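Okay, so here's the structure we're looking at.
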Amino acid sequence: MGRARLAELHGVATSYDPAPGRTVQVPEDTVVAVLAALGVDASTPRSVREALDRYDARRRDRLLPPCVVLRPGKAPRLSLPEGTALRVCPEDGAPRPWGRAADGSLPADGTLTADGTLTEGAREGGALDVALTNGATADGPLTALAALPPGAHTLLAEAPDGRRATAPLIVAPDRMPLSPVRSHGFLVQLYSLLSARSWGMGDLGDLADLAAWSGRALGAGFVQINPLHAAVPGTPAAPTDPSPYRPSSRRFPDPVHLRIEDVPEYAQLRGRARERADQLLEAAAALRDSVLREGALIDRDAVWALKREALELVRTVPLSPGRRAAYCDFLAERGQALEDHALWCALAETHGPEWRAWPDGLADPRSAGTARARAEHLDRTDFHCWLAWLTDTQLAAAQRAAREAGMGIGLVHDLAVGVHPSGADAWALQDVFASGMSIGAPPDAFNSRGQDWGLPPWRPDALAATGYAPYRDLLRGLLRHAGALRIDHVMGLFRLWWVPEGREPTEGCYVRYDAEAMLGALALEAHRAGAVVIGEDLGTVEPGVREELERRGVLGTSVMWFERNYDGAGAARPLAPEEWRADCLATVTTHDLPSTAARLTGDHVELRHRLGLLSRPLAEERAADAVEVAEWLGLLGRLGLLPEGPGDEEAAVKAVHRFLLRTPARMVGVWLPDAVGDRRPQNLPGTWDQYPNWRLPIADAEGRPMSLEELVASPRLRALMDEVALLAARPSGAPAS
């Protein structure tokens, strides 16, 4: 019982429910290992008793919790001694009106009594004072303090006995921003979008062009892209992992996405540098043509080898005074996070990316050895800082192009659920990641073995102790040049499945996070950026999570094939359009699912059969798939959305998008490969080298790769998007004809 109580106090679940009415107990050694990763020894009965005693003592002695989160109408309860004084230091340090008097006015300064009414008070150095006059709870004052502007402030407490405490105070809006109008747009994996100017994979110039064209010509409101996070660099023995969901860093984008010719200093290359740059440009054209014309796969490492050499040449050109000033501003703004990221990149060039094997204490970013390395690697560190700045400027240009084209949202960036254990973030932020743990998913009806994603989880206790600063900094960086943010596996804001190193995913357990704080930090940064938030909430979702996300203004993700109405007997029918939720991004498919053409024709079943991925005989899979498709086509026909009849594949692709636009969804996304009939998935879960995941260019129905210029000129794409734009302009739920 003692260990179970200790686990509960630290948010570690000792059981889980894989299905209604079925409970599975977590192995004892898993609970012990997870608690150890949280800094709690539970290995023996004595250590459990001592840990419980320490926990109770800390809770009894502390004045404030590690972090306080406020939002309008909802304040936490704080147990404080009578006479405790609270002071709030706003993050900008500037005096401002706060609280409200009985007449609703905002006084210049004041002191709050415990019921939240204002009495005469004072302010010193921009701080705000609160006096608790009747003891036990601080609900009244803290509710009133929620009138502070949204921000990450500091709360100080002083008890009558002289004890003092400080805690971060996050004041967050109640809800995320929402787009005022319904919008439609493309979903695309940027690397797959090659143009006549690409260096072997899609880049930020291509993104800006797609946004500008689709905004102006198609009335699109957004473009959603894959995570552009910095990848762990490849080595001769181990190429770069092409998955955008196992990054080295989520805090900085990867410079492989740069459009080299758009760097202003590129045009100023002269002499031998210009000659070499021209040779690299020719090599890049050959690499691009091998993908678009010869059927080669996208080779990220080959692209980066060319771009890196070109960038080394460009860096020899001095920055103009204005650009030098802008670069210095960027360095100052991104601060320690950028310095750590760039130093990791420099050290990885010398010692390889596996930082745990680095010599001379370099595995510790704050060691004396690492301090010496910072001095020794100044030039290479500056090179990687400069790359981050260039990438940031081109991301800004892409978002600017989107907004200038009339997009209400513009770029929708994607936040991966975690980072690579050998990458820059795992090195620089070791204190807030759980060592020896990986996140994944428990066994379920679709995967009896569970999943291990190989990504270290945040430590919830460490996040709270920092006032969620690493999480807020991450969000702020991603939202710099975004109109919206998609959060992969948004359920992770509530709990994550932790798998101890060396154990099977079936031997993991859930660890709970402070969802109020995680959502508060998210709402704060989204508010500051004026950005919409989309949560990927597919798969197994804990009861109440979708409802809480909806209350907080986080849009869900609704994929047509998964939207079904289940009766009590387990039977399901396609969900009628009027039954769909409004607060969602509605799509037909995603990067992890079959393309719509492959789903309609059954090609995806044949592909999985060839790769040995089917869990039942081919005939059974074909039959079940045909029934599902027929159900949807039948509904489309009854709604009058398929006047061409069910035998026309292109017409059926149009019909499913007509259906999406009949729903009340706030955002409707079109998977760009669907618009030209591409049958291949970009990623096939359950495969590694059996399928070219994350390395395919967009192709037409015959599998012929298409450039951006060919996509724009495609009659099939234009016919679909003209209809989407027309229907999107009508009120949601209006008939298609």
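Residue names in the structure tokens use chain letters A, B, ... in the order shown, residue numbers from 1 in each chain, and ligand numbers from 1 in the order shown.
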
Exercise: segment 504-508 of chain A partners within 12 Å, only C-alpha atoms, chain neighbours under 6 positions left out, as JSON, numbers by chain: {"A": [12, 13, 14, 15, 16, 18, 24, 25, 26, 27, 28, 29, 30, 31, 32, 33, 34, 437, 438, 439, 440, 441, 442, 443, 444, 447, 448, 449, 450, 451, 452, 453, 454, 496, 497, 498]}

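The protein and nucleic acid residues lying at most 12 Å from Thr166 of chain A are A:Arg62, A:Leu63, A:Leu64, A:Pro65, A:Pro66, A:Cys67, A:Val68, A:Ala85, A:Leu86, A:Arg87, A:Val88, A:Cys89, A:His153, A:Thr154, A:Leu155, A:Leu156, A:Ala157, A:Glu158, A:Ala159, A:Ala465, A:Thr466, A:Gly467, with only C-alpha atoms considered and sequence neighbours fewer than 6 positions away removed.
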
I need the chosen residues saved as a PDB file, in the first residue's frame, with C-alpha atoms.
```pdb
ATOM      1  CA  ARG A  62       6.325  24.786   1.996  1.00  0.00           C
ATOM      2  CA  LEU A  63       4.322  27.984   1.618  1.00  0.00           C
ATOM      3  CA  LEU A  64       3.782  27.779  -2.133  1.00  0.00           C
ATOM      4  CA  PRO A  65       3.580  24.948  -4.651  1.00  0.00           C
ATOM      5  CA  PRO A  66       6.335  24.728  -7.272  1.00  0.00           C
ATOM      6  CA  CYS A  67       4.193  26.655  -9.773  1.00  0.00           C
ATOM      7  CA  VAL A  68       0.858  28.501  -9.582  1.00  0.00           C
ATOM      8  CA  ALA A  85       1.580  38.381   2.700  1.00  0.00           C
ATOM      9  CA  LEU A  86       1.714  37.692  -1.021  1.00  0.00           C
ATOM     10  CA  ARG A  87       3.477  39.841  -3.581  1.00  0.00           C
ATOM     11  CA  VAL A  88       3.240  39.533  -7.334  1.00  0.00           C
ATOM     12  CA  CYS A  89       6.070  40.792  -9.518  1.00  0.00           C
ATOM     13  CA  HIS A 153       4.942  36.465 -13.354  1.00  0.00           C
ATOM     14  CA  THR A 154       6.527  35.730  -9.976  1.00  0.00           C
ATOM     15  CA  LEU A 155       4.588  35.101  -6.765  1.00  0.00           C
ATOM     16  CA  LEU A 156       6.299  35.714  -3.410  1.00  0.00           C
ATOM     17  CA  ALA A 157       4.943  34.735  -0.011  1.00  0.00           C
ATOM     18  CA  GLU A 158       6.079  35.727   3.480  1.00  0.00           C
ATOM     19  CA  ALA A 159       4.564  34.055   6.523  1.00  0.00           C
ATOM     20  CA  ALA A 465       9.902  23.545 -10.685  1.00  0.00           C
ATOM     21  CA  THR A 466      10.937  25.709 -13.657  1.00  0.00           C
ATOM     22  CA  GLY A 467       7.507  27.290 -14.052  1.00  0.00           C
TER      23      GLY A 467
END
```

Just how far from atom CA of Glu644 of chain A is atom CA of Asn565 of chain A, in Å to one decimal? 26.7 Å

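Summary of the local environment: counting only C-alpha atoms, residues at most 6 Å from segment 303-305 of chain A, other than itself and those fewer than 3 positions away along its chain, are A:Gly200, A:Val256, A:Arg300, A:Arg308.
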
So which residues touch Ala398 of chain A within 10 Å, counting only C-alpha atoms, skipping near sequence neighbours fewer than 5 positions away, as a PyMOL selection string? chain A and resi 204-212+392-393+403-404+410-411+481-482

Write out the residues from the selection above, keeping all heavy atoms, as a short mmCIF file (atom, residue, chain, number, x, y, z; two decimals), in the first residue's frame.
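Writing the result to again01.cif gives the following:
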```cif
data_model
loop_
_atom_site.label_atom_id
_atom_site.label_comp_id
_atom_site.auth_asym_id
_atom_site.auth_seq_id
_atom_site.Cartn_x
_atom_site.Cartn_y
_atom_site.Cartn_z
N LEU A 204 11.96 26.05 -47.91
CA LEU A 204 11.13 27.15 -47.43
C LEU A 204 10.71 28.10 -48.54
O LEU A 204 9.67 28.76 -48.44
CB LEU A 204 11.86 27.91 -46.32
CG LEU A 204 12.04 27.10 -45.03
CD1 LEU A 204 12.95 27.82 -44.05
CD2 LEU A 204 10.69 26.81 -44.38
N GLY A 205 11.50 28.16 -49.59
CA GLY A 205 11.06 28.92 -50.76
C GLY A 205 9.85 28.28 -51.42
O GLY A 205 8.91 28.96 -51.84
N ASP A 206 9.87 26.95 -51.51
CA ASP A 206 8.72 26.23 -52.06
C ASP A 206 7.48 26.43 -51.18
O ASP A 206 6.36 26.58 -51.67
CB ASP A 206 9.03 24.74 -52.17
CG ASP A 206 10.19 24.46 -53.11
OD1 ASP A 206 10.29 25.14 -54.14
OD2 ASP A 206 11.00 23.57 -52.79
N LEU A 207 7.68 26.43 -49.88
CA LEU A 207 6.57 26.65 -48.97
C LEU A 207 5.96 28.03 -49.17
O LEU A 207 4.73 28.18 -49.21
CB LEU A 207 7.06 26.49 -47.52
CG LEU A 207 6.03 26.78 -46.42
CD1 LEU A 207 4.82 25.86 -46.54
CD2 LEU A 207 6.69 26.64 -45.05
N ALA A 208 6.81 29.05 -49.27
CA ALA A 208 6.31 30.40 -49.50
C ALA A 208 5.53 30.48 -50.81
O ALA A 208 4.47 31.13 -50.90
CB ALA A 208 7.47 31.39 -49.50
N ASP A 209 6.04 29.81 -51.86
CA ASP A 209 5.35 29.82 -53.15
C ASP A 209 4.00 29.12 -53.07
O ASP A 209 3.00 29.60 -53.62
CB ASP A 209 6.22 29.14 -54.22
CG ASP A 209 7.33 30.04 -54.73
OD1 ASP A 209 7.24 31.27 -54.52
OD2 ASP A 209 8.28 29.52 -55.34
N LEU A 210 3.95 27.95 -52.41
CA LEU A 210 2.69 27.24 -52.27
C LEU A 210 1.67 28.08 -51.51
O LEU A 210 0.50 28.16 -51.90
CB LEU A 210 2.91 25.91 -51.56
CG LEU A 210 1.64 25.09 -51.27
CD1 LEU A 210 1.01 24.60 -52.56
CD2 LEU A 210 1.95 23.92 -50.34
N ALA A 211 2.12 28.71 -50.43
CA ALA A 211 1.20 29.53 -49.64
C ALA A 211 0.70 30.73 -50.44
O ALA A 211 -0.50 31.03 -50.44
CB ALA A 211 1.91 30.00 -48.37
N ALA A 212 1.61 31.40 -51.14
CA ALA A 212 1.21 32.58 -51.92
C ALA A 212 0.24 32.19 -53.03
O ALA A 212 -0.77 32.88 -53.26
CB ALA A 212 2.45 33.26 -52.50
N ASP A 392 15.26 31.02 -39.57
CA ASP A 392 14.20 31.81 -38.95
C ASP A 392 13.72 32.91 -39.88
O ASP A 392 12.51 33.16 -40.00
CB ASP A 392 14.72 32.41 -37.64
CG ASP A 392 13.65 33.15 -36.87
OD1 ASP A 392 12.83 32.49 -36.20
OD2 ASP A 392 13.62 34.40 -36.93
N THR A 393 14.65 33.57 -40.57
CA THR A 393 14.25 34.66 -41.48
C THR A 393 13.44 34.12 -42.66
O THR A 393 12.49 34.78 -43.11
CB THR A 393 15.48 35.43 -41.99
OG1 THR A 393 16.34 34.55 -42.72
CG2 THR A 393 16.25 36.05 -40.85
N ARG A 403 0.31 35.43 -45.34
CA ARG A 403 -0.64 36.45 -44.89
C ARG A 403 -0.89 37.50 -45.97
O ARG A 403 -2.02 37.98 -46.11
CB ARG A 403 -0.12 37.09 -43.61
CG ARG A 403 0.04 36.12 -42.43
CD ARG A 403 -1.26 35.37 -42.12
NE ARG A 403 -2.30 36.23 -41.63
CZ ARG A 403 -2.56 36.47 -40.35
NH1 ARG A 403 -1.82 35.89 -39.42
NH2 ARG A 403 -3.54 37.26 -40.00
N GLU A 404 0.15 37.86 -46.71
CA GLU A 404 -0.03 38.83 -47.79
C GLU A 404 -0.91 38.28 -48.91
O GLU A 404 -1.51 39.04 -49.67
CB GLU A 404 1.33 39.26 -48.34
CG GLU A 404 2.11 40.15 -47.37
CD GLU A 404 3.51 40.46 -47.86
OE1 GLU A 404 3.92 39.89 -48.91
OE2 GLU A 404 4.21 41.27 -47.21
N GLY A 410 -2.45 31.15 -42.28
CA GLY A 410 -1.10 31.03 -42.83
C GLY A 410 -0.50 29.68 -42.51
O GLY A 410 -1.16 28.65 -42.66
N LEU A 411 0.71 29.67 -42.02
CA LEU A 411 1.41 28.42 -41.77
C LEU A 411 0.90 27.76 -40.49
O LEU A 411 0.74 28.41 -39.46
CB LEU A 411 2.91 28.66 -41.64
CG LEU A 411 3.60 29.34 -42.83
CD1 LEU A 411 5.11 29.40 -42.58
CD2 LEU A 411 3.29 28.63 -44.14
N HIS A 481 6.56 32.28 -36.14
CA HIS A 481 6.13 32.55 -37.51
C HIS A 481 5.04 31.56 -37.91
O HIS A 481 5.15 30.86 -38.91
CB HIS A 481 7.32 32.48 -38.46
CG HIS A 481 8.49 33.28 -38.01
ND1 HIS A 481 8.43 34.65 -37.81
CD2 HIS A 481 9.77 32.92 -37.69
CE1 HIS A 481 9.61 35.09 -37.40
NE2 HIS A 481 10.43 34.07 -37.32
N ALA A 482 4.01 31.48 -37.10
CA ALA A 482 2.93 30.52 -37.35
C ALA A 482 1.59 31.18 -37.06
O ALA A 482 1.47 32.01 -36.15
CB ALA A 482 3.10 29.28 -36.47
#
```

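When atom CA of Leu613 of chain A is paired with atom CA of Val653 of chain A, their separation reads 25.9 Å.
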
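Going from atom CA of Ala665 of chain A to atom CA of Glu563 of chain A covers 12.7 Å.
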
How would you write, as number ranges by chain, the set of residues in segment 362-416 of chain A that DSSP gives as strand (DSSP E or B)? A: 410-415

Need the shell around Ile298 of chain A: protein/DNA/RNA residues with any atom at most 9 Å away, counting only C-alpha atoms. Skip same-chain ones fewer than 6 positions apart. Format as a ChimeraX atom specification? /A:191-192,200-201,287-288,290-291,694-697

Give me the residues near Trp389 of chain A as a VMD selection string, where near means some atom within 10 Å (using only C-alpha atoms) and where sequence neighbours in that chain fewer than 3 positions away do not count. chain A and resid 252 to 253 255 326 to 331 334 338 383 to 386 392 to 395

Run DSSP on the backbone and give me the residues of segment 133-260 of chain A it puts in alpha helix (DSSP H), as a ChimeraX atom specification. /A:139-145,204-218

Selected residues written out, C-alpha atoms, as a CSV table (one decimal), in the first residue's frame:
```csv
chain,number,residue,atom,x,y,z
A,139,ASP,CA,-9.1,31.7,-3.3
A,140,GLY,CA,-10.4,35.3,-3.3
A,141,PRO,CA,-7.1,37.1,-3.8
A,142,LEU,CA,-5.8,34.7,-6.4
A,143,THR,CA,-9.1,34.9,-8.3
A,144,ALA,CA,-8.7,38.7,-8.3
A,145,LEU,CA,-5.0,38.4,-9.3
A,204,LEU,CA,11.1,27.1,-47.4
A,205,GLY,CA,11.1,28.9,-50.8
A,206,ASP,CA,8.7,26.2,-52.1
A,207,LEU,CA,6.6,26.7,-49.0
A,208,ALA,CA,6.3,30.4,-49.5
A,209,ASP,CA,5.3,29.8,-53.2
A,210,LEU,CA,2.7,27.2,-52.3
A,211,ALA,CA,1.2,29.5,-49.6
A,212,ALA,CA,1.2,32.6,-51.9
A,213,TRP,CA,-0.4,30.7,-54.8
A,214,SER,CA,-3.0,28.8,-52.9
A,215,GLY,CA,-4.0,31.8,-50.9
A,216,ARG,CA,-4.4,34.0,-53.9
A,217,ALA,CA,-5.6,31.5,-56.5
A,218,LEU,CA,-7.6,29.1,-54.3
```

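Across A:Gly436, A:Pro457, A:Pro353, A:Gly83, the tightest approach to Gly502 of chain A is made by A:Gly436 when counting only C-alpha atoms.
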
Find the residues around segment 49-59 of chain A up to 12 Å (only C-alpha atoms counted), leave out those fewer than 2 positions away in its own chain, and share them as number ranges by chain. A: 1-10, 35-36, 38-47, 61-66, 78-80

Could you take the residues named above and write them with C-alpha atoms, as a PDB file, in the first residue's frame?
```pdb
ATOM      1  CA  MET A   1       0.000   0.000   0.000  1.00  0.00           C
ATOM      2  CA  GLY A   2       2.863   2.377   0.791  1.00  0.00           C
ATOM      3  CA  ARG A   3       4.371   2.080  -2.666  1.00  0.00           C
ATOM      4  CA  ALA A   4       0.962   2.541  -4.305  1.00  0.00           C
ATOM      5  CA  ARG A   5       0.371   5.720  -2.273  1.00  0.00           C
ATOM      6  CA  LEU A   6       3.846   7.007  -3.160  1.00  0.00           C
ATOM      7  CA  ALA A   7       3.172   6.329  -6.834  1.00  0.00           C
ATOM      8  CA  GLU A   8      -0.171   8.122  -6.666  1.00  0.00           C
ATOM      9  CA  LEU A   9       1.396  11.176  -5.015  1.00  0.00           C
ATOM     10  CA  HIS A  10       3.854  11.429  -7.904  1.00  0.00           C
ATOM     11  CA  LEU A  35       9.642   6.543  -9.515  1.00  0.00           C
ATOM     12  CA  ALA A  36      13.441   6.325  -9.645  1.00  0.00           C
ATOM     13  CA  LEU A  38      11.447  10.970 -10.900  1.00  0.00           C
ATOM     14  CA  GLY A  39      14.119  10.997  -8.210  1.00  0.00           C
ATOM     15  CA  VAL A  40      12.174   8.863  -5.740  1.00  0.00           C
ATOM     16  CA  ASP A  41      13.653   5.683  -4.228  1.00  0.00           C
ATOM     17  CA  ALA A  42      10.943   3.051  -3.791  1.00  0.00           C
ATOM     18  CA  SER A  43      13.131  -0.033  -3.994  1.00  0.00           C
ATOM     19  CA  THR A  44      12.551  -1.269  -0.428  1.00  0.00           C
ATOM     20  CA  PRO A  45       9.832  -0.893   2.237  1.00  0.00           C
ATOM     21  CA  ARG A  46      12.178   1.337   4.238  1.00  0.00           C
ATOM     22  CA  SER A  47      12.950   3.602   1.276  1.00  0.00           C
ATOM     23  CA  ASP A  61       6.679  23.088   5.358  1.00  0.00           C
ATOM     24  CA  ARG A  62       6.325  24.786   1.996  1.00  0.00           C
ATOM     25  CA  LEU A  63       4.322  27.984   1.618  1.00  0.00           C
ATOM     26  CA  LEU A  64       3.782  27.779  -2.133  1.00  0.00           C
ATOM     27  CA  PRO A  65       3.580  24.948  -4.651  1.00  0.00           C
ATOM     28  CA  PRO A  66       6.335  24.728  -7.272  1.00  0.00           C
ATOM     29  CA  LEU A  78      -3.394  27.572  -1.341  1.00  0.00           C
ATOM     30  CA  SER A  79      -3.067  26.583   2.310  1.00  0.00           C
ATOM     31  CA  LEU A  80      -1.290  29.517   3.934  1.00  0.00           C
TER      32      LEU A  80
END
```
